[in-house]
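I have placed the structure first, in the form of structure tokens, so that the comments after it can refer back to it.
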Amino acid sequence: MVKWGILGTGKIARQFAEDFRFVKDAELVAVGSRTEVSARQFAETHQIKTYHSSYEQLTLNPDIDVIYISTPHTLHRENTLLCLENNKSVLCEKPIGINVHELDELTQLAREKQLFLMEAMWTYFLPPLQRAKAWVAEGAIGEINMIKANFGFKANYDPQSRLFNPDLAGGALLDVGIYPIALSLLFSNAPIEDVQVMSSKAPTNVDITDIYQLRFSDGILADLSCSVGHSMLNDGFIYGTKGHIHIPNFWKARKAILTQYDGSEPVIFEDSRESIGYNFEADEVTRSVLAGKMESEVVPLSKSREFLSLMDKIRNDIGLVYPSEKSA
């Protein structure tokens, strides 16, 4: 049995806790917040037996094996370091750091401590994405030649909010743009040869909408976009020489549709899960920790490094540097 703690009590932490009842061989035993009131309310709501009024207290709890970090982007490095330094394995919300340098620091410490570390790219574990991967492996769409994905929603502009405040590493790319990137890198393992980027910005200089097109060395093209200023369809498409796969709302997918170009009827895979889907990534962490692994085979740290390397490149191209990076 792997014992878990949650660091942070925001919306995604609440959703993760709600899904935890579906996780096998694991128990959610503690939560930590910056205030006692928040920690106690969270614990009562989710029937967690122990709560801590500081993150450090949580990491010092001897009953915990793994901590899920659900704080804002700019705290991920600091919070993950705290957990690792106190000998706790970590599942950290994405992005695991705001740049490659932060991830490299975390990776080095996790390896020195021989602790498990994974970025919470929950989409990779969803059954429709797994089914899509299987269709590709079976040759159902032939050779992949194009990937198309977007993810966007309309947010009210507030310069102090996490979406628009550069001090909080705001902007569309780090918040939702990582999802189209992750989808493209799930279906092509080849190096990226070329990146073309267009972006529009908020008055705070963070990105509101990004369009980024990739060319991989295996010939695959990717047409990707993200936004916190526009509602998008949030669908993913994988095109091949013999057919294509459509994944509606790919980031939280419950369906995948295979269309082959031989005139046959489309094949629809539907996932009737009760959970939101965060349980699947928690299952992966639990299995890995029980097996003595330090990384996931599905979302290894090298894959997270690919995500951040590309996002670093895109931010460099659009001239977006966060204040914390300037002072580093």
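A note on labels: chains of the structure tokens are A, B, ... as shown, every chain counts residues from 1, and ligands are counted from 1 in their shown order.
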
Per-residue nearest contacts of region 281-326 of chain A to region 20-40 of chain A (8 Å; only C-alpha atoms) as a tab-separated table:
```
residue	atom	partner	partner_atom	distance
A:Ala282	CA	A:Val23	CA	6.5
A:Asp283	CA	A:Val23	CA	5.6
A:Thr286	CA	A:Ala26	CA	6.7
```

Next, write the just-selected residues to a file, as a short mmCIF file (atom, residue, chain, number, x, y, z; two decimals), in the first residue's frame, keeping all heavy atoms as the atom set.
```
data_model
loop_
_atom_site.label_atom_id
_atom_site.label_comp_id
_atom_site.auth_asym_id
_atom_site.auth_seq_id
_atom_site.Cartn_x
_atom_site.Cartn_y
_atom_site.Cartn_z
N ALA A 282 -2.34 8.45 -11.07
CA ALA A 282 -2.01 8.03 -9.71
C ALA A 282 -1.75 6.53 -9.64
O ALA A 282 -0.88 6.08 -8.89
CB ALA A 282 -3.14 8.42 -8.75
N ASP A 283 -2.49 5.76 -10.43
CA ASP A 283 -2.24 4.32 -10.53
C ASP A 283 -0.82 4.06 -11.05
O ASP A 283 -0.11 3.18 -10.55
CB ASP A 283 -3.24 3.65 -11.47
CG ASP A 283 -4.55 3.28 -10.78
OD1 ASP A 283 -4.53 3.00 -9.57
OD2 ASP A 283 -5.59 3.26 -11.46
N THR A 286 1.69 4.81 -8.31
CA THR A 286 1.61 3.77 -7.28
C THR A 286 2.30 2.49 -7.74
O THR A 286 3.11 1.90 -7.00
CB THR A 286 0.14 3.48 -6.91
OG1 THR A 286 -0.45 4.67 -6.37
CG2 THR A 286 0.04 2.35 -5.90
#
```

* Just list the residues in region 246-280 of chain A DSSP gives strand (DSSP E) on the backbone, as a list in words. => His246, Ile247, Lys255, Ala256, Ile257, Leu258, Thr259, Gln260, Val267, Ile268, Phe269 and Glu270 of chain A

How would the residues just chosen look if you wrote them out with all heavy atoms as an mmCIF file, in the first residue's frame?
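Result file part-v4.cif:
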```cif
data_model
loop_
_atom_site.group_PDB
_atom_site.id
_atom_site.type_symbol
_atom_site.label_atom_id
_atom_site.label_comp_id
_atom_site.auth_asym_id
_atom_site.auth_seq_id
_atom_site.Cartn_x
_atom_site.Cartn_y
_atom_site.Cartn_z
ATOM 1 N N HIS A 246 -9.809 10.854 -34.629
ATOM 2 C CA HIS A 246 -10.317 12.095 -34.040
ATOM 3 C C HIS A 246 -10.543 11.848 -32.552
ATOM 4 O O HIS A 246 -11.219 10.890 -32.167
ATOM 5 C CB HIS A 246 -11.642 12.477 -34.723
ATOM 6 C CG HIS A 246 -12.336 13.656 -34.106
ATOM 7 N ND1 HIS A 246 -13.703 13.858 -34.223
ATOM 8 C CD2 HIS A 246 -11.863 14.705 -33.370
ATOM 9 C CE1 HIS A 246 -14.036 14.955 -33.591
ATOM 10 N NE2 HIS A 246 -12.945 15.493 -33.063
ATOM 11 N N ILE A 247 -9.969 12.718 -31.714
ATOM 12 C CA ILE A 247 -10.120 12.591 -30.266
ATOM 13 C C ILE A 247 -10.777 13.870 -29.751
ATOM 14 O O ILE A 247 -10.101 14.873 -29.516
ATOM 15 C CB ILE A 247 -8.769 12.363 -29.565
ATOM 16 C CG1 ILE A 247 -7.983 11.235 -30.239
ATOM 17 C CG2 ILE A 247 -8.991 12.032 -28.086
ATOM 18 C CD1 ILE A 247 -6.566 11.082 -29.726
ATOM 19 N N LYS A 255 -13.575 9.703 -25.636
ATOM 20 C CA LYS A 255 -13.931 9.060 -26.902
ATOM 21 C C LYS A 255 -12.788 9.198 -27.896
ATOM 22 O O LYS A 255 -12.062 10.192 -27.893
ATOM 23 C CB LYS A 255 -15.203 9.705 -27.484
ATOM 24 C CG LYS A 255 -15.678 9.116 -28.798
ATOM 25 C CD LYS A 255 -16.818 9.942 -29.391
ATOM 26 C CE LYS A 255 -18.085 9.847 -28.569
ATOM 27 N NZ LYS A 255 -19.225 10.517 -29.262
ATOM 28 N N ALA A 256 -12.635 8.188 -28.749
ATOM 29 C CA ALA A 256 -11.710 8.261 -29.878
ATOM 30 C C ALA A 256 -12.413 7.628 -31.074
ATOM 31 O O ALA A 256 -13.083 6.591 -30.939
ATOM 32 C CB ALA A 256 -10.410 7.539 -29.573
ATOM 33 N N ILE A 257 -12.272 8.248 -32.232
ATOM 34 C CA ILE A 257 -12.979 7.794 -33.433
ATOM 35 C C ILE A 257 -11.972 7.496 -34.528
ATOM 36 O O ILE A 257 -11.195 8.382 -34.929
ATOM 37 C CB ILE A 257 -13.978 8.862 -33.920
ATOM 38 C CG1 ILE A 257 -14.936 9.257 -32.784
ATOM 39 C CG2 ILE A 257 -14.749 8.358 -35.142
ATOM 40 C CD1 ILE A 257 -15.638 10.573 -33.009
ATOM 41 N N LEU A 258 -11.976 6.272 -35.010
ATOM 42 C CA LEU A 258 -11.076 5.840 -36.082
ATOM 43 C C LEU A 258 -11.828 5.826 -37.402
ATOM 44 O O LEU A 258 -12.853 5.140 -37.538
ATOM 45 C CB LEU A 258 -10.536 4.442 -35.773
ATOM 46 C CG LEU A 258 -9.808 3.721 -36.913
ATOM 47 C CD1 LEU A 258 -8.529 4.459 -37.292
ATOM 48 C CD2 LEU A 258 -9.508 2.271 -36.522
ATOM 49 N N THR A 259 -11.346 6.595 -38.372
ATOM 50 C CA THR A 259 -11.913 6.600 -39.716
ATOM 51 C C THR A 259 -10.843 6.133 -40.689
ATOM 52 O O THR A 259 -9.769 6.736 -40.776
ATOM 53 C CB THR A 259 -12.393 8.008 -40.112
ATOM 54 O OG1 THR A 259 -13.393 8.449 -39.184
ATOM 55 C CG2 THR A 259 -12.978 7.994 -41.520
ATOM 56 N N GLN A 260 -11.133 5.045 -41.386
ATOM 57 C CA GLN A 260 -10.190 4.531 -42.371
ATOM 58 C C GLN A 260 -10.667 4.894 -43.771
ATOM 59 O O GLN A 260 -11.872 5.026 -44.026
ATOM 60 C CB GLN A 260 -10.045 3.013 -42.209
ATOM 61 C CG GLN A 260 -9.399 2.645 -40.869
ATOM 62 C CD GLN A 260 -9.322 1.160 -40.641
ATOM 63 O OE1 GLN A 260 -10.339 0.479 -40.550
ATOM 64 N NE2 GLN A 260 -8.101 0.643 -40.535
ATOM 65 N N VAL A 267 -14.894 3.456 -36.482
ATOM 66 C CA VAL A 267 -14.855 2.687 -35.237
ATOM 67 C C VAL A 267 -14.803 3.686 -34.085
ATOM 68 O O VAL A 267 -13.938 4.569 -34.067
ATOM 69 C CB VAL A 267 -13.639 1.751 -35.188
ATOM 70 C CG1 VAL A 267 -13.581 1.008 -33.859
ATOM 71 C CG2 VAL A 267 -13.661 0.784 -36.361
ATOM 72 N N ILE A 268 -15.744 3.553 -33.155
ATOM 73 C CA ILE A 268 -15.818 4.498 -32.038
ATOM 74 C C ILE A 268 -15.477 3.780 -30.739
ATOM 75 O O ILE A 268 -16.096 2.773 -30.386
ATOM 76 C CB ILE A 268 -17.220 5.122 -31.928
ATOM 77 C CG1 ILE A 268 -17.575 5.857 -33.233
ATOM 78 C CG2 ILE A 268 -17.286 6.078 -30.741
ATOM 79 C CD1 ILE A 268 -18.999 6.389 -33.264
ATOM 80 N N PHE A 269 -14.468 4.295 -30.055
ATOM 81 C CA PHE A 269 -14.126 3.802 -28.724
ATOM 82 C C PHE A 269 -14.646 4.808 -27.716
ATOM 83 O O PHE A 269 -14.318 5.997 -27.793
ATOM 84 C CB PHE A 269 -12.614 3.653 -28.570
ATOM 85 C CG PHE A 269 -12.180 3.304 -27.166
ATOM 86 C CD1 PHE A 269 -12.109 1.988 -26.761
ATOM 87 C CD2 PHE A 269 -11.864 4.310 -26.249
ATOM 88 C CE1 PHE A 269 -11.710 1.666 -25.457
ATOM 89 C CE2 PHE A 269 -11.472 4.002 -24.959
ATOM 90 C CZ PHE A 269 -11.404 2.671 -24.559
ATOM 91 N N GLU A 270 -15.463 4.355 -26.773
ATOM 92 C CA GLU A 270 -15.999 5.234 -25.743
ATOM 93 C C GLU A 270 -15.615 4.722 -24.366
ATOM 94 O O GLU A 270 -15.713 3.531 -24.087
ATOM 95 C CB GLU A 270 -17.517 5.360 -25.868
ATOM 96 C CG GLU A 270 -17.955 6.102 -27.114
ATOM 97 C CD GLU A 270 -19.410 6.553 -27.060
ATOM 98 O OE1 GLU A 270 -19.704 7.515 -26.327
ATOM 99 O OE2 GLU A 270 -20.220 5.940 -27.756
#
```

Could you give me, as a tab-separated table, a per-residue list for region 110-158 of chain A showing, wherever an atom lies at most 12 Å from an atom of region 48-67 of chain A, the closest pair of atoms and their distance in Å to one decimal, using only C-alpha atoms and sorting by chain then residue number from low to high?
```
residue	atom	partner	partner_atom	distance
A:Leu115	CA	A:Val66	CA	9.4
A:Phe116	CA	A:Val66	CA	8.3
A:Leu117	CA	A:Val66	CA	9.3
A:Met118	CA	A:Val66	CA	10.8
A:Glu119	CA	A:Ile67	CA	12.0
A:Ala120	CA	A:Ile67	CA	11.7
```

* **Close residues, region 273-277 of chain A itself excluded, 12 Å, only C-alpha atoms, min 2 positions apart in chain, as a PyMOL selection string** => chain A and resi 12+14-23+120-129+251-255+270-271+279-283

Please report as JSON lines every residue of region 98-170 of chain A lying within 8 Å of region 188-205 of chain A, along with the nearest atom pair and their distance in Å (one decimal), using only C-alpha atoms.
```
{"residue": "A:Pro159", "atom": "CA", "partner": "A:Thr204", "partner_atom": "CA", "distance": 6.6}
{"residue": "A:Phe164", "atom": "CA", "partner": "A:Thr204", "partner_atom": "CA", "distance": 6.6}
{"residue": "A:Asn165", "atom": "CA", "partner": "A:Thr204", "partner_atom": "CA", "distance": 6.7}
{"residue": "A:Pro166", "atom": "CA", "partner": "A:Thr204", "partner_atom": "CA", "distance": 6.9}
```

Find the residues around Asp207 (chain A) up to 12 Å (only C-alpha atoms counted), leave out those fewer than 4 positions away in its own chain, and share them as a short mmCIF file (atom, residue, chain, number, x, y, z; two decimals) with C-alpha atoms, in the first residue's frame.
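The resulting file, part.cif, is shown below:
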```cif
data_model
loop_
_atom_site.label_atom_id
_atom_site.label_comp_id
_atom_site.auth_asym_id
_atom_site.auth_seq_id
_atom_site.Cartn_x
_atom_site.Cartn_y
_atom_site.Cartn_z
CA LEU A 163 -3.32 33.41 -16.28
CA PHE A 164 -2.14 36.94 -17.01
CA ASN A 165 0.39 37.78 -14.30
CA PRO A 166 4.02 37.25 -15.43
CA ALA A 169 4.31 32.49 -15.07
CA GLY A 170 1.03 33.36 -16.73
CA GLY A 171 0.05 32.90 -20.34
CA ALA A 172 -1.63 30.35 -22.55
CA LEU A 173 1.43 28.25 -23.36
CA LEU A 174 2.31 26.99 -19.89
CA ASP A 175 -1.32 26.67 -18.84
CA VAL A 176 -2.96 24.89 -21.78
CA GLY A 177 -0.41 24.96 -24.62
CA VAL A 197 5.39 30.48 -34.01
CA MET A 198 2.85 33.31 -34.02
CA SER A 199 1.50 34.86 -30.84
CA SER A 200 -0.74 37.60 -29.50
CA LYS A 201 -0.07 39.11 -26.08
CA ALA A 202 -1.85 40.69 -23.14
CA PRO A 203 -0.86 44.13 -21.81
CA ILE A 211 -0.10 29.15 -33.02
CA SER A 225 -2.61 26.23 -31.07
CA CYS A 226 -3.67 27.38 -27.62
CA SER A 227 -5.46 30.33 -26.08
CA VAL A 228 -6.79 31.85 -22.88
CA GLY A 229 -8.62 34.47 -24.94
CA ILE A 314 8.47 29.05 -28.26
CA ARG A 315 8.77 31.57 -25.42
CA ASN A 316 12.17 32.64 -26.71
CA ASP A 317 10.70 33.21 -30.17
CA ILE A 318 7.86 35.37 -28.83
CA GLY A 319 10.07 37.24 -26.35
CA LEU A 320 8.43 35.99 -23.16
CA VAL A 321 10.79 35.85 -20.18
CA TYR A 322 9.35 35.65 -16.68
#
```

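Excluding region 100-112 of chain A itself and same-chain residues fewer than 2 positions from it, the residues having an atom within 6 Å of it are Gly97, Gln114, Leu115, Leu308 and Ser309 of chain A, counting only C-alpha atoms.
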
For N, CA and C atoms, I'd like the residues from the last selection saved as an mmCIF file, in the first residue's frame.
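Output file out.cif is given in full below:
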```cif
data_model
loop_
_atom_site.group_PDB
_atom_site.id
_atom_site.type_symbol
_atom_site.label_atom_id
_atom_site.label_comp_id
_atom_site.auth_asym_id
_atom_site.auth_seq_id
_atom_site.Cartn_x
_atom_site.Cartn_y
_atom_site.Cartn_z
ATOM 1 N N GLY A 97 8.202 22.380 -14.214
ATOM 2 C CA GLY A 97 9.018 23.572 -13.959
ATOM 3 C C GLY A 97 8.665 24.586 -15.024
ATOM 4 N N GLN A 114 17.273 8.836 -5.092
ATOM 5 C CA GLN A 114 16.641 7.595 -5.552
ATOM 6 C C GLN A 114 15.142 7.592 -5.237
ATOM 7 N N LEU A 115 14.505 8.705 -5.627
ATOM 8 C CA LEU A 115 13.080 8.872 -5.408
ATOM 9 C C LEU A 115 12.351 8.970 -6.742
ATOM 10 N N LEU A 308 9.295 20.882 -22.088
ATOM 11 C CA LEU A 308 9.832 22.166 -21.641
ATOM 12 C C LEU A 308 10.828 22.755 -22.637
ATOM 13 N N SER A 309 11.605 21.907 -23.291
ATOM 14 C CA SER A 309 12.545 22.413 -24.295
ATOM 15 C C SER A 309 11.795 23.129 -25.411
#
```

* What residues in region 69-315 of chain A get the DSSP label alpha helix (DSSP H)? Please answer as a ChimeraX atom specification. -> /A:76-85,100-113,127-137,172,178-187,278-290,301-315

* Structure fact -> Across A:Trp135, A:Tyr179, A:Phe307, A:Tyr278, the smallest distance to Tyr68 (chain A), with only C-alpha atoms counted, is shown by A:Tyr278

* **Distance in Å - CA of Gly219 (chain A) versus CA of Ile144 (chain A)** => 8.7 Å

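Closest approach to Ser70 (chain A) from the set A:Asn234, A:Thr9, A:Gln130, A:Ser272 is made by A:Thr9, with distances taken over only C-alpha atoms.
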
* Pick from A:Glu85, A:Leu214, A:Ile245, A:Asn79: nearest to Ala134 (chain A), with only C-alpha atoms counted? ->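 Of A:Glu85, A:Leu214, A:Ile245, A:Asn79, the one nearest Ala134 (chain A), counting only C-alpha atoms, is A:Ile245.
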
* **Residue among A:Met1, A:Glu44, A:Ile69, A:Gln160 lying closest to Ser89 (chain A), counting only C-alpha atoms** =>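 The shortest atom-to-atom distance to Ser89 (chain A) comes from A:Ile69.
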
* Tell me which of A:Gly243, A:Gly5, A:Pro95, A:Gly142 sits closest to Ser304 (chain A), counting only C-alpha atoms. =>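 Answer, going by the shortest atom-to-atom distance: A:Pro95.
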
* **Top pick for closest residue to Leu185 (chain A), considering A:Val299, A:Val289, A:Leu75, A:Ile141 and counting only C-alpha atoms** =>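 Of the candidates, the smallest distance to Leu185 (chain A) is held by A:Val299.
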
* Asked: What gap, in Å, lies between CA of Leu7 (chain A) and CA of His73 (chain A)?
  -> 13.3 Å

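The space between CA of Leu310 (chain A) and CA of Arg287 (chain A) spans 29.2 Å.
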